[in-house]
>>> print(open('upload11.pdb').read())   # PDB, C-alpha atoms
ATOM      1  CA  LYS A   1     -10.653 -19.904   4.449
ATOM      2  CA  ASP A   2      -7.405 -17.972   4.966
ATOM      3  CA  SER A   3      -8.198 -14.594   3.420
ATOM      4  CA  ARG A   4      -6.063 -12.609   5.912
ATOM      5  CA  PRO A   5      -8.225  -9.470   6.095
ATOM      6  CA  ASP A   6      -5.608  -7.869   8.348
ATOM      7  CA  LEU A   7      -3.043  -7.960   5.528
ATOM      8  CA  CYS A   8      -5.559  -6.688   2.980
ATOM      9  CA  LYS A   9      -6.501  -3.757   5.206
ATOM     10  CA  ALA A  10      -2.847  -2.895   5.817
ATOM     11  CA  ALA A  11      -2.213  -2.940   2.047
ATOM     12  CA  GLY A  12      -5.211  -0.693   1.320
ATOM     13  CA  ILE A  13      -7.194  -3.463  -0.366
ATOM     14  CA  GLN A  14     -10.894  -2.864   0.205
ATOM     15  CA  GLY A  15     -12.521  -5.413  -2.088
ATOM     16  CA  TYR A  16     -12.181  -8.526  -4.189
ATOM     17  CA  PRO A  17     -10.736  -8.838  -6.697
ATOM     18  CA  THR A  18      -7.948  -6.315  -6.402
ATOM     19  CA  TRP A  19      -4.968  -6.396  -8.738
ATOM     20  CA  GLU A  20      -1.614  -4.947  -7.691
ATOM     21  CA  ILE A  21       0.382  -4.099 -10.800
ATOM     22  CA  ASN A  22       3.575  -2.070 -10.722
ATOM     23  CA  GLY A  23       2.746  -0.810  -7.237
ATOM     24  CA  LYS A  24      -0.744   0.445  -8.110
ATOM     25  CA  LEU A  25      -4.029  -1.161  -7.017
ATOM     26  CA  TYR A  26      -6.845  -1.851  -9.496
ATOM     27  CA  SER A  27     -10.118  -2.842  -7.839
ATOM     28  CA  ASN A  28     -12.974  -4.883  -9.268
ATOM     29  CA  VAL A  29     -13.055  -7.053 -12.368
ATOM     30  CA  GLN A  30     -10.735  -5.766 -15.102
ATOM     31  CA  SER A  31     -10.706  -6.671 -18.776
ATOM     32  CA  LEU A  32      -7.749  -8.539 -20.183
ATOM     33  CA  GLU A  33      -7.053  -5.517 -22.392
ATOM     34  CA  LYS A  34      -6.865  -3.247 -19.336
ATOM     35  CA  LEU A  35      -4.621  -5.683 -17.452
ATOM     36  CA  ALA A  36      -2.356  -5.983 -20.492
ATOM     37  CA  GLN A  37      -2.174  -2.189 -20.805
ATOM     38  CA  VAL A  38      -1.364  -1.425 -17.175
ATOM     39  CA  SER A  39       1.087  -4.315 -16.798
ATOM     40  CA  GLY A  40       3.070  -3.502 -19.911
ATOM     41  CA  TYR A  41       2.272  -6.891 -21.471
ATOM     42  CA  GLN A  42       3.860  -6.974 -24.932
ATOM     43  CA  GLY A  43       2.531 -10.285 -26.291
ATOM     44  CA  PRO A  44      -0.424 -10.899 -28.598
ATOM     45  CA  ARG A  45      -3.704  -9.395 -27.488
ATOM     46  CA  ASN A  46      -6.239 -11.427 -29.399
ATOM     47  CA  PHE A  47      -7.153 -13.325 -26.210
ATOM     48  CA  LYS A  48      -9.115 -15.758 -28.391
ATOM     49  CA  ASN A  49      -9.246 -18.458 -25.713
ATOM     50  CA  PHE A  50     -11.112 -16.287 -23.224
ATOM     51  CA  PRO A  51     -14.853 -15.586 -23.017
ATOM     52  CA  ASP A  52     -15.977 -12.171 -24.239
ATOM     53  CA  ALA A  53     -16.771 -11.180 -20.660
ATOM     54  CA  PHE A  54     -13.038 -11.075 -19.897
ATOM     55  CA  LYS A  55     -11.897  -9.154 -22.973
TER      56      LYS A  55
END
>>> encode(input="upload11.pdb", output="structure tokens")
Amino acid sequence: KDSRPDLCKAAGIQGYPTWEINGKLYSNVQSLEKLAQVSGYQGPRNFKNFPDAFK
């Protein structure tokens, strides 16, 4: 409804989903492992409550 394509274009976002982590853009679906790695997440990484598709 209120996707604000003007803001996305100005930020260099070309698709959905796009993750902005530490000033860098990561396009498309990302695994939880990848998001943990690039974000510097230091907690447990067993992600047992998430479907395999997101690991």
>>> closest_residue(input="upload11.pdb", among="A:Pro44, A:Ala11, A:Asp6, A:Tyr16", to="Val29 (chain A)", atoms="all atoms listed in the file")
A:Tyr16
>>> atom_distance(input="upload11.pdb", atom1="CA of Ser39 (chain A)", atom2="CA of Ile21 (chain A)")
6.0 Å
>>> resolve_selection(input="upload11.pdb", expression="the PyMOL selection byres ((chain A and resi 28) around 12)", output="ChimeraX atom specification")
/A:13-20,25-27,29-31,34-35
>>> atom_distance(input="upload11.pdb", atom1="CA of Glu33 (chain A)", atom2="CA of Lys48 (chain A)")
12.0 Å
>>> atom_distance(input="upload11.pdb", atom1="CA of Lys24 (chain A)", atom2="CA of Ser3 (chain A)")
20.4 Å
>>> axis_aligned_box(input="upload11.pdb", around="region 13-24 of chain A", padding_each_side="6 Å", output="JSON")
{"center_x": -4.5, "center_y": -4.2, "center_z": -5.3, "size_x": 28.1, "size_y": 21.3, "size_z": 23.0}
>>> decode(input="upload11.pdb", residues="region 5-44 of chain A", atoms="N, CA and C atoms", output="PDB file, in the first residue's frame")
ATOM      1  N   PRO A   5       8.220   3.715  -3.549  1.00  0.00           N
ATOM      2  CA  PRO A   5       9.249   3.374  -4.533  1.00  0.00           C
ATOM      3  C   PRO A   5      10.257   4.490  -4.757  1.00  0.00           C
ATOM      4  N   ASP A   6       9.863   5.732  -4.531  1.00  0.00           N
ATOM      5  CA  ASP A   6      10.798   6.848  -4.690  1.00  0.00           C
ATOM      6  C   ASP A   6      11.946   6.748  -3.692  1.00  0.00           C
ATOM      7  N   LEU A   7      11.642   6.372  -2.457  1.00  0.00           N
ATOM      8  CA  LEU A   7      12.691   6.212  -1.442  1.00  0.00           C
ATOM      9  C   LEU A   7      13.578   5.010  -1.743  1.00  0.00           C
ATOM     10  N   CYS A   8      12.963   3.921  -2.200  1.00  0.00           N
ATOM     11  CA  CYS A   8      13.742   2.730  -2.546  1.00  0.00           C
ATOM     12  C   CYS A   8      14.717   3.034  -3.679  1.00  0.00           C
ATOM     13  N   LYS A   9      14.236   3.716  -4.703  1.00  0.00           N
ATOM     14  CA  LYS A   9      15.100   4.060  -5.835  1.00  0.00           C
ATOM     15  C   LYS A   9      16.250   4.950  -5.381  1.00  0.00           C
ATOM     16  N   ALA A  10      15.957   5.934  -4.556  1.00  0.00           N
ATOM     17  CA  ALA A  10      16.993   6.843  -4.062  1.00  0.00           C
ATOM     18  C   ALA A  10      18.035   6.110  -3.224  1.00  0.00           C
ATOM     19  N   ALA A  11      17.622   5.040  -2.537  1.00  0.00           N
ATOM     20  CA  ALA A  11      18.539   4.272  -1.691  1.00  0.00           C
ATOM     21  C   ALA A  11      19.260   3.174  -2.465  1.00  0.00           C
ATOM     22  N   GLY A  12      18.942   3.005  -3.748  1.00  0.00           N
ATOM     23  CA  GLY A  12      19.591   1.977  -4.553  1.00  0.00           C
ATOM     24  C   GLY A  12      18.960   0.608  -4.407  1.00  0.00           C
ATOM     25  N   ILE A  13      17.777   0.549  -3.825  1.00  0.00           N
ATOM     26  CA  ILE A  13      17.078  -0.724  -3.642  1.00  0.00           C
ATOM     27  C   ILE A  13      16.303  -1.020  -4.914  1.00  0.00           C
ATOM     28  N   GLN A  14      16.601  -2.187  -5.515  1.00  0.00           N
ATOM     29  CA  GLN A  14      15.996  -2.525  -6.798  1.00  0.00           C
ATOM     30  C   GLN A  14      15.012  -3.674  -6.707  1.00  0.00           C
ATOM     31  N   GLY A  15      14.920  -4.335  -5.569  1.00  0.00           N
ATOM     32  CA  GLY A  15      14.021  -5.472  -5.447  1.00  0.00           C
ATOM     33  C   GLY A  15      13.654  -5.749  -4.011  1.00  0.00           C
ATOM     34  N   TYR A  16      12.745  -6.702  -3.858  1.00  0.00           N
ATOM     35  CA  TYR A  16      12.237  -7.086  -2.544  1.00  0.00           C
ATOM     36  C   TYR A  16      12.493  -8.564  -2.350  1.00  0.00           C
ATOM     37  N   PRO A  17      12.952  -9.004  -1.232  1.00  0.00           N
ATOM     38  CA  PRO A  17      13.407  -8.181  -0.114  1.00  0.00           C
ATOM     39  C   PRO A  17      14.832  -7.685  -0.321  1.00  0.00           C
ATOM     40  N   THR A  18      15.144  -6.604   0.314  1.00  0.00           N
ATOM     41  CA  THR A  18      16.508  -6.087   0.364  1.00  0.00           C
ATOM     42  C   THR A  18      16.830  -5.769   1.812  1.00  0.00           C
ATOM     43  N   TRP A  19      17.940  -6.296   2.272  1.00  0.00           N
ATOM     44  CA  TRP A  19      18.394  -6.087   3.649  1.00  0.00           C
ATOM     45  C   TRP A  19      19.494  -5.048   3.634  1.00  0.00           C
ATOM     46  N   GLU A  20      19.426  -4.067   4.513  1.00  0.00           N
ATOM     47  CA  GLU A  20      20.521  -3.115   4.690  1.00  0.00           C
ATOM     48  C   GLU A  20      21.153  -3.416   6.037  1.00  0.00           C
ATOM     49  N   ILE A  21      22.396  -3.886   5.992  1.00  0.00           N
ATOM     50  CA  ILE A  21      23.105  -4.275   7.208  1.00  0.00           C
ATOM     51  C   ILE A  21      24.468  -3.612   7.189  1.00  0.00           C
ATOM     52  N   ASN A  22      24.737  -2.835   8.204  1.00  0.00           N
ATOM     53  CA  ASN A  22      26.013  -2.130   8.330  1.00  0.00           C
ATOM     54  C   ASN A  22      26.349  -1.328   7.073  1.00  0.00           C
ATOM     55  N   GLY A  23      25.331  -0.701   6.490  1.00  0.00           N
ATOM     56  CA  GLY A  23      25.536   0.164   5.342  1.00  0.00           C
ATOM     57  C   GLY A  23      25.640  -0.532   4.002  1.00  0.00           C
ATOM     58  N   LYS A  24      25.527  -1.857   3.974  1.00  0.00           N
ATOM     59  CA  LYS A  24      25.608  -2.604   2.725  1.00  0.00           C
ATOM     60  C   LYS A  24      24.253  -3.240   2.428  1.00  0.00           C
ATOM     61  N   LEU A  25      23.880  -3.284   1.137  1.00  0.00           N
ATOM     62  CA  LEU A  25      22.609  -3.863   0.728  1.00  0.00           C
ATOM     63  C   LEU A  25      22.794  -5.316   0.308  1.00  0.00           C
ATOM     64  N   TYR A  26      21.882  -6.170   0.760  1.00  0.00           N
ATOM     65  CA  TYR A  26      21.845  -7.586   0.393  1.00  0.00           C
ATOM     66  C   TYR A  26      20.473  -7.850  -0.212  1.00  0.00           C
ATOM     67  N   SER A  27      20.439  -8.150  -1.500  1.00  0.00           N
ATOM     68  CA  SER A  27      19.175  -8.359  -2.198  1.00  0.00           C
ATOM     69  C   SER A  27      18.762  -9.819  -2.150  1.00  0.00           C
ATOM     70  N   ASN A  28      17.464 -10.024  -2.324  1.00  0.00           N
ATOM     71  CA  ASN A  28      16.865 -11.358  -2.396  1.00  0.00           C
ATOM     72  C   ASN A  28      16.768 -12.010  -1.017  1.00  0.00           C
ATOM     73  N   VAL A  29      16.221 -13.201  -1.002  1.00  0.00           N
ATOM     74  CA  VAL A  29      16.084 -13.962   0.236  1.00  0.00           C
ATOM     75  C   VAL A  29      17.476 -14.378   0.697  1.00  0.00           C
ATOM     76  N   GLN A  30      17.743 -14.229   1.978  1.00  0.00           N
ATOM     77  CA  GLN A  30      19.033 -14.605   2.562  1.00  0.00           C
ATOM     78  C   GLN A  30      18.786 -15.628   3.667  1.00  0.00           C
ATOM     79  N   SER A  31      19.707 -16.542   3.830  1.00  0.00           N
ATOM     80  CA  SER A  31      19.580 -17.522   4.909  1.00  0.00           C
ATOM     81  C   SER A  31      19.836 -16.839   6.248  1.00  0.00           C
ATOM     82  N   LEU A  32      19.335 -17.445   7.299  1.00  0.00           N
ATOM     83  CA  LEU A  32      19.597 -16.906   8.628  1.00  0.00           C
ATOM     84  C   LEU A  32      21.085 -16.945   8.941  1.00  0.00           C
ATOM     85  N   GLU A  33      21.779 -17.963   8.470  1.00  0.00           N
ATOM     86  CA  GLU A  33      23.231 -18.041   8.672  1.00  0.00           C
ATOM     87  C   GLU A  33      23.927 -16.850   8.026  1.00  0.00           C
ATOM     88  N   LYS A  34      23.545 -16.529   6.799  1.00  0.00           N
ATOM     89  CA  LYS A  34      24.153 -15.400   6.084  1.00  0.00           C
ATOM     90  C   LYS A  34      23.852 -14.091   6.801  1.00  0.00           C
ATOM     91  N   LEU A  35      22.598 -13.898   7.226  1.00  0.00           N
ATOM     92  CA  LEU A  35      22.241 -12.672   7.936  1.00  0.00           C
ATOM     93  C   LEU A  35      22.994 -12.564   9.253  1.00  0.00           C
ATOM     94  N   ALA A  36      23.161 -13.681   9.946  1.00  0.00           N
ATOM     95  CA  ALA A  36      23.921 -13.679  11.196  1.00  0.00           C
ATOM     96  C   ALA A  36      25.375 -13.299  10.928  1.00  0.00           C
ATOM     97  N   GLN A  37      25.945 -13.862   9.871  1.00  0.00           N
ATOM     98  CA  GLN A  37      27.346 -13.599   9.526  1.00  0.00           C
ATOM     99  C   GLN A  37      27.571 -12.129   9.198  1.00  0.00           C
ATOM    100  N   VAL A  38      26.769 -11.575   8.305  1.00  0.00           N
ATOM    101  CA  VAL A  38      27.009 -10.207   7.853  1.00  0.00           C
ATOM    102  C   VAL A  38      26.623  -9.160   8.889  1.00  0.00           C
ATOM    103  N   SER A  39      25.754  -9.522   9.823  1.00  0.00           N
ATOM    104  CA  SER A  39      25.325  -8.560  10.845  1.00  0.00           C
ATOM    105  C   SER A  39      26.208  -8.585  12.083  1.00  0.00           C
ATOM    106  N   GLY A  40      27.044  -9.620  12.187  1.00  0.00           N
ATOM    107  CA  GLY A  40      27.876  -9.736  13.374  1.00  0.00           C
ATOM    108  C   GLY A  40      27.148 -10.346  14.559  1.00  0.00           C
ATOM    109  N   TYR A  41      26.013 -10.994  14.301  1.00  0.00           N
ATOM    110  CA  TYR A  41      25.235 -11.642  15.359  1.00  0.00           C
ATOM    111  C   TYR A  41      26.114 -12.637  16.104  1.00  0.00           C
ATOM    112  N   GLN A  42      26.123 -12.545  17.434  1.00  0.00           N
ATOM    113  CA  GLN A  42      26.996 -13.383  18.252  1.00  0.00           C
ATOM    114  C   GLN A  42      26.251 -14.447  19.055  1.00  0.00           C
ATOM    115  N   GLY A  43      24.939 -14.497  18.956  1.00  0.00           N
ATOM    116  CA  GLY A  43      24.148 -15.456  19.728  1.00  0.00           C
ATOM    117  C   GLY A  43      24.184 -16.849  19.125  1.00  0.00           C
ATOM    118  N   PRO A  44      23.388 -17.755  19.686  1.00  0.00           N
ATOM    119  CA  PRO A  44      23.335 -19.124  19.172  1.00  0.00           C
ATOM    120  C   PRO A  44      22.848 -19.151  17.725  1.00  0.00           C
TER     121      PRO A  44
END
